[in-house]
$ cat start.txt   # compact mmCIF, C-alpha atoms and all ligand atoms
# COMPACT_ATOMS: atom_id res chain seq x y z
CA LYS O 1 0.00 0.00 0.00
CA TYR O 2 1.38 3.40 -0.90
CA LYS O 3 1.16 6.21 1.58
CA ARG O 4 -0.61 9.26 0.28
CA ASN O 5 1.33 12.22 -0.93
CA TYR O 6 2.22 14.62 1.84
CA PHE O 7 4.03 16.97 -0.47
CA MET O 8 2.42 20.34 -0.92
CA PRO O 9 4.25 23.40 -2.20
CA PRO O 10 4.41 26.15 0.46
CA VAL O 11 1.41 28.47 0.27
CA PRO O 12 1.50 32.04 1.52
CA CYS O 13 -1.42 32.40 3.96
CA THR O 14 -3.29 35.69 4.04
CA ASP O 15 -4.60 36.95 7.37
CA TRP O 16 -8.14 35.87 6.74
CA VAL O 17 -7.26 32.24 6.18
CA ASN O 18 -8.94 29.95 8.70
CA LYS O 19 -5.95 27.79 9.51
CA GLU O 20 -8.18 25.16 11.16
CA TYR O 21 -9.37 24.10 7.71
CA ILE O 22 -5.86 23.44 6.49
CA ASP O 23 -5.53 20.57 9.00
CA HIS O 24 -9.07 19.53 9.94
CA PRO O 25 -12.08 18.46 7.94
CA PRO O 26 -15.28 20.45 8.41
CA ILE O 27 -18.49 18.88 9.73
CA TRP O 28 -20.02 17.18 6.70
CA CYS O 29 -23.76 17.02 6.14
CA SER O 30 -25.20 15.02 3.27
CA VAL O 31 -28.27 16.56 1.63
CA ASP O 32 -28.47 13.82 -1.03
CA LEU O 33 -31.81 12.55 0.17
CA ARG O 34 -33.41 16.01 0.23
CA ASP O 35 -31.77 18.52 -2.17
CA GLY O 36 -30.37 15.74 -4.37
CA ASN O 37 -33.61 13.81 -4.44
CA GLN O 38 -35.82 16.83 -5.15
CA ALA O 39 -33.91 17.46 -8.38
CA LEU O 40 -34.27 13.95 -9.83
CA ILE O 41 -36.45 13.22 -12.85
CA ILE O 42 -37.95 10.35 -10.86
CA PRO O 43 -37.47 10.90 -7.12
CA MET O 44 -36.19 7.88 -5.16
CA SER O 45 -38.69 5.34 -3.90
CA LEU O 46 -38.82 4.39 -0.24
CA GLU O 47 -36.64 1.31 -0.88
CA GLU O 48 -34.11 3.31 -2.88
CA LYS O 49 -33.91 5.96 -0.14
CA ILE O 50 -33.30 3.30 2.49
CA ASP O 51 -30.60 1.69 0.33
CA TYR O 52 -28.90 5.04 -0.28
CA PHE O 53 -29.17 6.05 3.38
CA LYS O 54 -27.17 2.94 4.31
CA TYR O 55 -24.42 3.93 1.87
CA LEU O 56 -24.30 7.45 3.36
CA VAL O 57 -23.91 5.95 6.82
CA ASP O 58 -21.15 3.62 5.59
CA VAL O 59 -19.29 6.53 4.00
CA GLY O 60 -19.23 8.07 7.48
CA PHE O 61 -21.72 10.94 7.41
CA LYS O 62 -22.78 11.88 10.94
CA GLU O 63 -25.40 14.38 9.76
CA ILE O 64 -27.86 13.42 7.02
CA GLU O 65 -30.74 15.58 5.78
CA VAL O 66 -33.40 13.01 4.92
CA GLY O 67 -36.11 15.20 3.46
CA PHE O 68 -38.89 17.68 3.94
CA PRO O 69 -41.35 15.37 5.73
CA ALA O 70 -44.20 17.87 5.78
CA ALA O 71 -43.98 18.33 2.00
CA SER O 72 -44.47 14.77 0.73
CA GLU O 73 -45.94 11.50 1.89
CA THR O 74 -42.89 9.50 0.73
CA GLU O 75 -40.57 11.73 2.76
CA TYR O 76 -42.79 11.44 5.82
CA GLU O 77 -43.00 7.67 5.42
CA PHE O 78 -39.24 7.41 4.87
CA LEU O 79 -38.46 9.23 8.11
CA ARG O 80 -41.01 7.15 10.03
CA THR O 81 -39.47 3.95 8.58
CA LEU O 82 -35.96 5.00 9.62
CA ILE O 83 -37.17 5.67 13.16
CA GLU O 84 -39.55 2.73 13.55
CA GLN O 85 -37.21 0.15 12.02
CA ASP O 86 -34.33 1.49 14.11
CA LEU O 87 -32.14 2.13 11.06
CA ILE O 88 -30.41 5.24 12.43
CA PRO O 89 -27.08 4.55 14.16
CA ASP O 90 -26.72 6.28 17.54
CA ASP O 91 -23.97 8.57 16.29
CA VAL O 92 -25.94 9.80 13.26
CA THR O 93 -28.12 12.90 13.47
CA ILE O 94 -31.11 13.16 11.17
CA GLN O 95 -31.81 16.54 9.63
CA VAL O 96 -35.21 17.64 8.28
CA LEU O 97 -36.17 20.75 6.37
CA THR O 98 -39.16 22.94 7.18
CA GLN O 99 -40.61 26.27 6.14
CA ALA O 100 -41.56 28.91 8.69
CA ARG O 101 -45.29 28.04 8.61
CA GLU O 102 -47.18 26.71 11.63
CA HIS O 103 -48.90 23.65 10.14
CA ILE O 104 -45.66 22.62 8.35
CA ILE O 105 -43.59 22.92 11.52
CA LYS O 106 -46.20 20.92 13.46
CA LYS O 107 -46.15 18.11 10.91
CA THR O 108 -42.34 18.14 10.97
CA PHE O 109 -42.22 17.54 14.72
CA GLU O 110 -44.88 14.86 14.38
CA ALA O 111 -42.66 13.08 11.81
CA LEU O 112 -39.69 13.29 14.20
CA GLU O 113 -41.35 11.58 17.15
CA GLY O 114 -39.04 8.95 18.59
CA CYS O 115 -35.94 10.21 16.75
CA LYS O 116 -33.02 10.33 19.20
CA HIS O 117 -30.99 13.16 17.64
CA SER O 118 -32.27 15.55 15.05
CA ILE O 119 -31.57 18.88 13.42
CA VAL O 120 -34.65 20.89 12.51
CA HIS O 121 -33.68 23.07 9.57
CA LEU O 122 -35.81 26.19 9.19
CA TYR O 123 -35.53 28.34 6.09
CA ASN O 124 -37.12 31.28 4.38
CA SER O 125 -36.00 33.25 1.39
CA THR O 126 -34.42 36.63 2.04
CA SER O 127 -33.07 37.90 -1.32
CA ARG O 128 -34.19 41.12 -2.96
CA GLN O 129 -35.59 39.20 -5.94
CA GLN O 130 -37.69 36.89 -3.78
CA ARG O 131 -38.87 39.67 -1.44
CA GLU O 132 -40.00 41.86 -4.31
CA GLN O 133 -41.19 39.35 -6.91
CA VAL O 134 -42.35 36.27 -5.02
CA PHE O 135 -43.46 37.32 -1.54
CA LYS O 136 -44.11 41.04 -2.10
CA LYS O 137 -42.95 41.68 1.46
CA SER O 138 -40.68 44.28 3.03
CA LYS O 139 -37.36 43.47 4.67
CA GLU O 140 -39.01 43.85 8.10
CA GLU O 141 -41.81 41.42 7.19
CA ILE O 142 -39.37 38.79 5.92
CA LEU O 143 -37.29 39.14 9.10
CA GLN O 144 -40.45 38.72 11.17
CA LEU O 145 -41.34 35.53 9.27
CA ALA O 146 -37.98 34.04 10.30
CA VAL O 147 -38.39 35.14 13.92
CA ASP O 148 -41.94 33.71 14.11
CA GLY O 149 -40.72 30.41 12.68
CA ALA O 150 -37.84 30.31 15.17
CA LYS O 151 -40.30 30.87 18.06
CA MET O 152 -42.52 28.03 16.82
CA LEU O 153 -39.51 25.70 16.79
CA ASN O 154 -38.75 26.68 20.40
CA ASP O 155 -42.33 25.97 21.49
CA LEU O 156 -42.84 22.70 19.61
CA SER O 157 -39.47 21.24 20.57
CA LYS O 158 -40.50 21.57 24.22
CA GLU O 159 -43.63 19.50 23.58
CA THR O 160 -41.85 16.73 21.62
CA PRO O 161 -39.46 14.25 23.29
CA GLY O 162 -35.96 14.03 21.71
CA ASN O 163 -32.74 16.02 21.33
CA PHE O 164 -33.23 18.83 18.86
CA GLN O 165 -30.64 21.09 17.37
CA PHE O 166 -31.79 24.03 15.26
CA GLU O 167 -30.54 25.27 11.93
CA TYR O 168 -31.56 28.41 10.08
CA SER O 169 -30.93 29.20 6.40
CA PRO O 170 -31.61 32.56 4.81
CA GLU O 171 -32.42 30.93 1.48
CA SER O 172 -31.00 32.81 -1.55
CA PHE O 173 -28.32 34.22 0.78
CA THR O 174 -26.03 35.07 -2.12
CA GLY O 175 -28.71 37.37 -3.56
CA THR O 176 -29.32 39.03 -0.18
CA GLU O 177 -27.67 42.22 1.08
CA VAL O 178 -25.08 40.79 3.47
CA ASP O 179 -25.77 43.20 6.36
CA TYR O 180 -29.49 42.48 6.13
CA ALA O 181 -28.86 38.69 6.00
CA CYS O 182 -26.78 39.15 9.16
CA ASP O 183 -29.62 41.06 10.89
CA VAL O 184 -32.07 38.26 10.05
CA CYS O 185 -29.70 35.57 11.34
CA ASN O 186 -28.99 37.54 14.51
CA ALA O 187 -32.72 38.00 15.15
CA VAL O 188 -33.18 34.21 14.85
CA LEU O 189 -30.19 33.63 17.14
CA ASP O 190 -31.72 35.97 19.73
CA VAL O 191 -34.78 33.71 19.78
CA TRP O 192 -32.80 30.48 20.00
CA GLN O 193 -30.11 31.69 22.42
CA PRO O 194 -27.41 29.15 21.45
CA THR O 195 -25.17 27.72 24.17
CA ALA O 196 -21.98 25.68 24.13
CA GLU O 197 -24.10 22.58 24.85
CA ASN O 198 -26.68 23.34 22.18
CA LYS O 199 -25.06 25.18 19.34
CA VAL O 200 -27.14 26.60 16.50
CA ILE O 201 -26.28 26.05 12.84
CA ILE O 202 -26.44 29.10 10.61
CA ASN O 203 -26.36 27.84 7.04
CA LEU O 204 -25.53 30.30 4.27
CA PRO O 205 -26.59 28.84 0.94
CA VAL O 206 -25.33 29.67 -2.47
CA THR O 207 -28.87 28.89 -3.56
CA VAL O 208 -27.90 30.25 -6.95
CA GLU O 209 -24.26 30.87 -7.77
CA LEU O 210 -24.10 34.53 -8.80
CA SER O 211 -20.51 35.64 -8.34
CA LEU O 212 -16.85 34.73 -8.25
CA PRO O 213 -15.87 32.43 -5.36
CA HIS O 214 -13.94 35.14 -3.49
CA VAL O 215 -17.14 37.20 -3.22
CA TYR O 216 -18.89 34.35 -1.39
CA ALA O 217 -15.79 33.94 0.80
CA SER O 218 -15.98 37.65 1.67
CA GLN O 219 -19.67 37.27 2.57
CA ILE O 220 -18.77 34.32 4.82
CA GLU O 221 -15.96 36.29 6.45
CA TYR O 222 -18.39 39.18 7.10
CA MET O 223 -20.96 36.84 8.65
CA SER O 224 -18.35 35.06 10.73
CA LYS O 225 -17.23 38.41 12.16
CA HIS O 226 -20.68 39.93 12.72
CA LEU O 227 -22.86 37.05 13.89
CA LYS O 228 -23.83 37.18 17.56
CA TYR O 229 -23.00 34.21 19.85
CA ARG O 230 -20.29 33.25 17.30
CA ASP O 231 -18.63 30.73 19.63
CA ASN O 232 -21.91 28.87 19.90
CA VAL O 233 -22.78 29.10 16.23
CA ILE O 234 -21.76 26.48 13.67
CA LEU O 235 -21.30 28.36 10.43
CA SER O 236 -22.36 26.18 7.53
CA LEU O 237 -21.98 26.40 3.74
CA HIS O 238 -24.42 25.07 1.16
CA PRO O 239 -23.09 25.85 -2.32
CA HIS O 240 -24.85 25.08 -5.58
CA ASN O 241 -22.87 24.98 -8.78
CA ASP O 242 -24.51 27.27 -11.37
CA ARG O 243 -21.23 28.81 -12.52
CA GLY O 244 -19.33 25.55 -12.06
CA CYS O 245 -17.49 26.88 -8.98
CA GLY O 246 -19.23 25.03 -6.14
CA VAL O 247 -16.01 23.39 -4.98
CA ALA O 248 -14.08 26.69 -5.11
CA ASP O 249 -16.90 28.47 -3.23
CA THR O 250 -16.74 25.85 -0.51
CA GLU O 251 -12.98 25.74 -0.17
CA LEU O 252 -12.71 29.52 -0.03
CA GLY O 253 -15.72 29.68 2.33
CA LEU O 254 -13.98 27.26 4.68
CA LEU O 255 -10.78 29.27 4.50
CA ALA O 256 -12.86 32.35 5.33
CA GLY O 257 -14.10 30.86 8.59
CA ALA O 258 -16.92 28.33 8.05
CA ASP O 259 -17.16 25.13 10.09
CA ARG O 260 -19.54 22.89 8.19
CA VAL O 261 -20.52 21.90 4.65
CA GLU O 262 -23.79 20.66 3.19
CA GLY O 263 -23.46 18.90 -0.15
CA THR O 264 -24.08 15.69 -2.03
CA LEU O 265 -22.20 12.75 -3.50
CA PHE O 266 -21.23 13.28 -7.14
CA GLY O 267 -22.74 16.79 -6.95
CA ASN O 268 -26.32 15.72 -7.46
CA GLY O 269 -28.86 18.49 -6.74
CA GLU O 270 -30.96 21.29 -8.16
CA ARG O 271 -29.96 22.43 -11.70
CA THR O 272 -26.15 22.10 -11.96
CA GLY O 273 -26.17 20.41 -8.58
CA ASN O 274 -24.99 20.88 -5.02
CA VAL O 275 -21.30 20.87 -4.26
CA ASP O 276 -19.70 17.41 -4.64
CA ILE O 277 -18.53 16.28 -1.20
CA ILE O 278 -16.39 13.52 -2.73
CA THR O 279 -14.27 16.11 -4.52
CA LEU O 280 -13.97 18.28 -1.40
CA ALA O 281 -13.02 15.36 0.82
CA LEU O 282 -10.51 13.86 -1.59
CA ASN O 283 -8.95 17.27 -2.28
CA MET O 284 -8.20 17.31 1.45
CA TYR O 285 -6.92 13.74 1.30
CA THR O 286 -4.45 14.58 -1.45
CA HIS O 287 -3.07 17.24 0.89
CA GLY O 288 -2.51 14.68 3.61
CA VAL O 289 -5.59 15.55 5.71
CA ASP O 290 -7.90 12.72 6.74
CA PRO O 291 -11.36 13.91 5.65
CA LYS O 292 -13.08 11.39 7.98
CA LEU O 293 -15.19 10.09 5.12
CA ASP O 294 -14.45 6.73 3.57
CA PHE O 295 -14.27 6.61 -0.23
CA SER O 296 -12.13 3.48 -0.42
CA ASN O 297 -14.72 1.75 -2.61
CA LEU O 298 -15.75 4.50 -4.98
CA PRO O 299 -16.75 2.14 -7.84
CA GLU O 300 -19.35 0.48 -5.61
CA LEU O 301 -20.65 3.88 -4.49
CA CYS O 302 -20.93 4.97 -8.15
CA GLU O 303 -23.01 1.88 -8.88
CA ALA O 304 -25.33 2.52 -5.93
CA TYR O 305 -25.75 6.14 -7.01
CA GLU O 306 -26.52 5.23 -10.61
CA ARG O 307 -28.94 2.52 -9.51
CA ASP O 308 -30.85 4.55 -6.89
CA THR O 309 -30.96 7.94 -8.59
CA ARG O 310 -30.98 6.85 -12.27
CA MET O 311 -28.29 9.50 -12.84
CA HIS O 312 -24.94 8.88 -14.54
CA VAL O 313 -21.49 9.72 -13.13
CA TYR O 314 -19.78 11.85 -15.76
CA GLU O 315 -16.59 10.21 -17.12
CA ARG O 316 -14.48 13.22 -16.13
CA GLN O 317 -16.07 13.88 -12.71
CA PRO O 318 -13.07 14.46 -10.38
CA TYR O 319 -11.98 11.28 -8.58
CA SER O 320 -15.15 9.30 -9.47
CA GLY O 321 -15.38 9.42 -13.28
CA ALA O 322 -14.43 6.36 -15.33
CA LEU O 323 -11.68 8.24 -17.16
CA VAL O 324 -10.18 10.48 -14.49
CA PHE O 325 -7.08 8.37 -13.91
CA ALA O 326 -6.78 7.00 -17.44
CA ALA O 327 -3.60 7.54 -19.41
CA PHE O 328 -3.73 6.54 -23.08
CA SER O 329 -0.87 8.61 -24.39
CA GLY O 330 2.63 7.22 -24.49
CA SER O 331 4.41 10.03 -22.67
CA HIS O 332 1.93 10.03 -19.77
CA GLN O 333 2.08 6.25 -19.50
CA ASP O 334 5.85 6.32 -19.47
CA ALA O 335 5.97 8.93 -16.70
CA ILE O 336 3.37 7.07 -14.62
CA ALA O 337 5.13 3.71 -15.04
CA LYS O 338 8.45 5.28 -13.95
CA GLY O 339 6.82 7.13 -11.03
CA MET O 340 5.15 3.97 -9.82
CA LYS O 341 8.37 2.00 -10.04
CA MET O 342 10.09 4.64 -7.87
CA ALA O 343 7.15 4.63 -5.43
CA ARG O 344 7.39 0.83 -5.15
CA GLU O 345 11.11 1.00 -4.49
CA SER O 346 11.06 4.00 -2.14
CA GLU O 347 11.54 3.28 1.54
CA ASP O 348 8.44 5.00 2.86
CA HIS O 349 6.28 4.14 -0.20
CA HIS O 350 5.00 7.69 -0.41
CA TRP O 351 2.80 8.61 -3.35
CA ASP O 352 4.52 11.07 -5.68
CA VAL O 353 3.58 9.86 -9.15
CA PRO O 354 3.37 12.24 -12.14
CA TYR O 355 -0.17 12.85 -13.50
CA LEU O 356 -1.85 11.07 -10.58
CA THR O 357 -2.69 13.31 -7.60
CA ILE O 358 -3.85 10.32 -5.59
CA ASN O 359 -3.18 6.59 -5.59
CA PRO O 360 -6.22 5.24 -7.50
CA GLU O 361 -6.01 2.03 -5.45
CA ASP O 362 -6.93 4.08 -2.35
CA LEU O 363 -10.33 4.61 -3.98
CA GLY O 364 -10.77 0.99 -5.06
CA ARG O 365 -9.61 1.60 -8.63
CA GLN O 366 -7.21 -0.69 -10.54
CA TYR O 367 -4.02 0.29 -12.36
CA ASP O 368 -4.54 -1.96 -15.39
CA LYS O 369 -8.23 -1.17 -15.90
CA ASP O 370 -8.41 2.46 -14.78
CA VAL O 371 -4.94 3.92 -15.33
CA ILE O 372 -2.87 2.39 -18.12
CA ARG O 373 -5.25 2.05 -21.07
CA ILE O 374 -4.11 0.89 -24.47
CA ASN O 375 -5.06 2.38 -27.84
CA SER O 376 -3.21 3.72 -30.88
CA GLN O 377 -1.88 6.66 -28.81
CA SER O 378 -0.17 4.37 -26.33
CA GLY O 379 3.55 3.94 -25.93
CA LYS O 380 6.03 1.26 -25.02
CA GLY O 381 5.96 2.33 -21.33
CA GLY O 382 2.25 1.56 -21.06
CA ILE O 383 2.46 -1.72 -22.96
CA GLY O 384 5.48 -2.75 -20.91
CA PHE O 385 3.55 -1.88 -17.74
CA ILE O 386 0.59 -4.10 -18.72
CA LEU O 387 2.82 -7.05 -19.62
CA GLU O 388 4.83 -6.73 -16.43
CA HIS O 389 2.01 -5.85 -14.02
CA ASN O 390 -0.53 -8.39 -15.33
CA TYR O 391 1.63 -11.15 -16.76
CA GLY O 392 5.04 -10.84 -15.12
CA PHE O 393 7.06 -10.20 -18.34
CA ASN O 394 9.71 -7.53 -18.01
CA LEU O 395 10.52 -6.86 -21.68
CA PRO O 396 13.91 -5.60 -22.90
CA LYS O 397 13.88 -2.21 -24.63
CA LYS O 398 13.97 -3.48 -28.22
CA MET O 399 11.10 -5.84 -27.64
CA ARG O 400 9.06 -3.03 -26.12
CA ASP O 401 9.60 -0.93 -29.27
CA HIS O 402 8.48 -3.82 -31.41
CA MET O 403 5.45 -4.61 -29.25
CA ARG O 404 4.45 -0.96 -29.37
CA ASN O 405 4.36 -1.05 -33.18
CA LEU O 406 2.38 -4.28 -33.24
CA VAL O 407 -0.21 -2.99 -30.73
CA LYS O 408 -0.49 0.38 -32.45
CA ASN O 409 -1.17 -1.36 -35.73
CA VAL O 410 -4.02 -3.49 -34.36
CA SER O 411 -5.59 -0.59 -32.49
CA ASP O 412 -5.22 1.83 -35.44
CA HIS O 413 -6.81 -0.56 -37.91
CA GLY O 414 -9.59 -1.65 -35.55
CA HIS O 415 -10.05 1.98 -34.43
CA ARG O 416 -10.58 0.84 -30.87
CA GLU O 417 -9.09 0.41 -27.41
CA LEU O 418 -7.38 -2.92 -26.62
CA GLN O 419 -7.93 -4.82 -23.38
CA PRO O 420 -4.88 -6.12 -21.43
CA GLU O 421 -5.74 -9.68 -22.56
CA GLU O 422 -5.52 -8.59 -26.19
CA VAL O 423 -2.10 -7.03 -25.62
CA TYR O 424 -1.01 -10.32 -24.11
CA GLU O 425 -2.45 -12.23 -27.08
CA ILE O 426 -0.38 -10.11 -29.50
CA PHE O 427 2.70 -10.75 -27.38
CA ASN O 428 1.95 -14.47 -27.33
CA ASP O 429 1.37 -14.68 -31.09
CA HIS O 430 4.66 -12.94 -31.91
CA TYR O 431 7.03 -14.18 -29.25
CA VAL O 432 5.73 -17.29 -27.53
CA ASN O 433 3.75 -19.34 -30.06
CA LYS O 434 5.84 -18.38 -33.04
O1 LIG O 501 -30.17 25.88 -1.83
C1 LIG O 501 -30.83 26.27 -0.86
O2 LIG O 501 -30.94 27.46 -0.57
C2 LIG O 501 -31.51 25.27 -0.06
C3 LIG O 501 -32.10 25.75 1.22
C4 LIG O 501 -33.40 25.12 1.51
C5 LIG O 501 -31.11 25.55 2.31
O3 LIG O 501 -31.52 24.11 -0.40
ZN ZN O 502 -29.91 23.73 -1.89
$ encode --input "start.txt" --output "C-alpha cells"
Amino acid sequence: KYKRNYFMPPVPCTDWVNKEYIDHPPIWCSVDLRDGNQALIIPMSLEEKIDYFKYLVDVGFKEIEVGFPAASETEYEFLRTLIEQDLIPDDVTIQVLTQAREHIIKKTFEALEGCKHSIVHLYNSTSRQQREQVFKKSKEEILQLAVDGAKMLNDLSKETPGNFQFEYSPESFTGTEVDYACDVCNAVLDVWQPTAENKVIINLPVTVELSLPHVYASQIEYMSKHLKYRDNVILSLHPHNDRGCGVADTELGLLAGADRVEGTLFGNGERTGNVDIITLALNMYTHGVDPKLDFSNLPELCEAYERDTRMHVYERQPYSGALVFAAFSGSHQDAIAKGMKMARESEDHHWDVPYLTINPEDLGRQYDKDVIRINSQSGKGGIGFILEHNYGFNLPKKMRDHMRNLVKNVSDHGHRELQPEEVYEIFNDHYVNK
C-alpha cells in the first residue's frame, strides 16, 4: 500500500485564512436525500432511499438531511421507517427541512417523534428578488417571518421528546444584502439563544451561484465576524454549482471561517447540482488531511448512485469518473510507469507519481483497468507496464519498441481500445507461439 502524498508546495497564507481548515475536515452534512432527491427526474422510492441512506452511513456521514417530511408523503414515510425500524445509528443525526409556517412545523415535529438526535432546519427566502417578486414583502416582514418560525420551533421542541438542534438558512443568501442577512440571522439567534451545549447552525446557501468564489468567501468572512454568539454558532456552507465553482466556493468559504458543509455525493442536486462532497473530501486527502469520510470503494458507491438515482457519473467527474485516472498517451504512461516504479522501491512508499494526484487504489480503482489504457496513442511504457504488471514479463527495450508497433497497428486498424488480454495475445502470437 502506498502512503498518500504529503508533499504540498508552500502556500503564503493571508490573514483571513482559517488555519483550522488546512488541518481539519469540516463537519459534513449530506443533503443527497433532500436537495439531491428533489432534483431527480424520478425521485427515489422508499426502498431506494433506504438503500442510499445505508451507503451514506457507511461513508461516514454523521449528519444526514433526509427530506422535507411535511412536504411529501414518501418523505414522511421514509423518516417514520428510519425511526420505527431502528435504522439510524446512535452517532448519526437526522436533519429535516421545514418552512416557517405553523402547520408545516407541526407536521415536521410529528414526523420526528421517537428520533433520538435531530436537526430541525428552518428556512425562508431573504433575497431582494424573492422579497419583491415572489413574496411582495418588506425586509421587516421577511425578518419577522424568520423570527416567528424560530419561536414556533422553540415551542414545539419543548412539547416533543428528543434532542433537537436548530438550523436556520436565509435561502437565496447570495442574492441578499449581506448586512441584512446578518440582521435576520442575529434576530433568529436571539430567539434560540445558542449555548456551548446546544449550538445553533447558521447555514448560508449559495442557492444560486451569482458571483466569483472570493465574493462568497468575503460574505462568509463578514458573517463570521458579525454574527452574535459566534462561539456557539456552527457556520455552515451550502453551495450550488450554477457557474461551475461550487467546490471553489466551498474551499474559499472554509478558508474564510466556516465550520460545516452541506453537499451531495457526485454533486447531485438542483440544476447544476450541489457541491460534490467527494471532490472536497478527496482534495483534502491529497493534501494529507484525513477527511473522515471513507471513499475506499468508490466504484461500488458509483453503482449505488446510478442505480438509486438513475443518474450517470460523468466520465471526467473528479476522482469518481471512469476516465479520471486513465492515461492513453505514451508520454503520460511512461511517466506514470516510472513514477510507480520509484514509489514501489522507495523506503516509505509515499505517493509522488506524475499525473496522478492520488493513488487510484486508495479509492478501489485498478491500475490496469483504470490507469494504463491501451489504444493507438499508447507507448512502449504503457504496454510494458501491462505485460509486467498483469503477466510478469519484463521486456527488454527493443522488444518493447516492437510490441508498441504491433499494438499500435491493431488498435489503429480496428479503431478501438485494446484490453490487457488482447495485448497479451499479441505478445503471445509474436514471441511465444511463433
Ligand atoms: O439551496 C438552498 O438554498 C436550499 C435551502 C433550503 C437551504 O436548499
Ligand atoms: Zn440547496
$ residues_around --input "start.txt" --residues "Tyr319 (chain O)" --least-positions-apart "5" --cutoff "12 Å" --atoms "all atoms listed in the file" --output "number ranges by chain"
O: 265-266, 276-283, 285-286, 295-299, 302, 313-314, 324-326, 356-365, 370
$ atom_distance --input "start.txt" --atom1 "CA of Ala327 (chain O)" --atom2 "CA of Lys398 (chain O)"
22.5 Å
$ residues_near_ligand --input "start.txt" --ligand "ligand ZN 502 (chain O)" --cutoff "9 Å" --atoms "all atoms listed in the file" --output "PyMOL selection string"
chain O and resi 31+34-36+171+205-208+238-240+262-263+269-270+273-274
$ atom_distance --input "start.txt" --atom1 "CA of His121 (chain O)" --atom2 "CA of Leu210 (chain O)"
23.7 Å
$ residues_near_point --input "start.txt" --point "(-4.3, -10.8, -24.0)" --cutoff "12 Å" --atoms "all atoms listed in the file" --output "short mmCIF file (atom, residue, chain, number, x, y, z; two decimals) with C-alpha atoms, keeping the file's coordinate frame"
data_model
loop_
_atom_site.label_atom_id
_atom_site.label_comp_id
_atom_site.auth_asym_id
_atom_site.auth_seq_id
_atom_site.Cartn_x
_atom_site.Cartn_y
_atom_site.Cartn_z
CA ILE O 374 -4.11 0.89 -24.47
CA ILE O 383 2.46 -1.72 -22.96
CA ILE O 386 0.59 -4.10 -18.72
CA LEU O 387 2.82 -7.05 -19.62
CA ASN O 390 -0.53 -8.39 -15.33
CA TYR O 391 1.63 -11.15 -16.76
CA VAL O 407 -0.21 -2.99 -30.73
CA LEU O 418 -7.38 -2.92 -26.62
CA GLN O 419 -7.93 -4.82 -23.38
CA PRO O 420 -4.88 -6.12 -21.43
CA GLU O 421 -5.74 -9.68 -22.56
CA GLU O 422 -5.52 -8.59 -26.19
CA VAL O 423 -2.10 -7.03 -25.62
CA TYR O 424 -1.01 -10.32 -24.11
CA GLU O 425 -2.45 -12.23 -27.08
CA ILE O 426 -0.38 -10.11 -29.50
CA PHE O 427 2.70 -10.75 -27.38
CA ASN O 428 1.95 -14.47 -27.33
CA ASP O 429 1.37 -14.68 -31.09
#
$ build_atoms --input "start.txt" --residues "region 39-52 of chain O" --atoms "N, CA and C atoms" --output "compact mmCIF listing (two decimals), in the coordinates of the input"
# COMPACT_ATOMS: atom_id res chain seq x y z
N ALA O 39 -34.28 17.03 -7.03
CA ALA O 39 -33.91 17.46 -8.38
C ALA O 39 -33.90 16.30 -9.37
N LEU O 40 -34.31 15.11 -8.92
CA LEU O 40 -34.27 13.95 -9.83
C LEU O 40 -35.49 13.93 -10.75
N ILE O 41 -35.30 13.35 -11.92
CA ILE O 41 -36.45 13.22 -12.85
C ILE O 41 -37.50 12.34 -12.18
N ILE O 42 -37.06 11.22 -11.64
CA ILE O 42 -37.95 10.35 -10.86
C ILE O 42 -37.39 10.28 -9.45
N PRO O 43 -38.02 10.93 -8.48
CA PRO O 43 -37.47 10.90 -7.12
C PRO O 43 -37.35 9.46 -6.61
N MET O 44 -36.44 9.25 -5.66
CA MET O 44 -36.19 7.88 -5.16
C MET O 44 -37.42 7.33 -4.46
N SER O 45 -37.60 6.02 -4.61
CA SER O 45 -38.69 5.34 -3.90
C SER O 45 -38.24 5.13 -2.44
N LEU O 46 -39.15 4.65 -1.64
CA LEU O 46 -38.82 4.39 -0.24
C LEU O 46 -37.64 3.41 -0.14
N GLU O 47 -37.70 2.34 -0.93
CA GLU O 47 -36.64 1.31 -0.88
C GLU O 47 -35.30 1.90 -1.33
N GLU O 48 -35.35 2.71 -2.38
CA GLU O 48 -34.11 3.31 -2.88
C GLU O 48 -33.52 4.27 -1.84
N LYS O 49 -34.39 5.03 -1.18
CA LYS O 49 -33.91 5.96 -0.14
C LYS O 49 -33.25 5.19 1.00
N ILE O 50 -33.87 4.08 1.38
CA ILE O 50 -33.30 3.30 2.49
C ILE O 50 -31.93 2.74 2.07
N ASP O 51 -31.86 2.23 0.84
CA ASP O 51 -30.60 1.69 0.33
C ASP O 51 -29.52 2.78 0.34
N TYR O 52 -29.88 3.95 -0.18
CA TYR O 52 -28.90 5.04 -0.28
C TYR O 52 -28.49 5.56 1.10
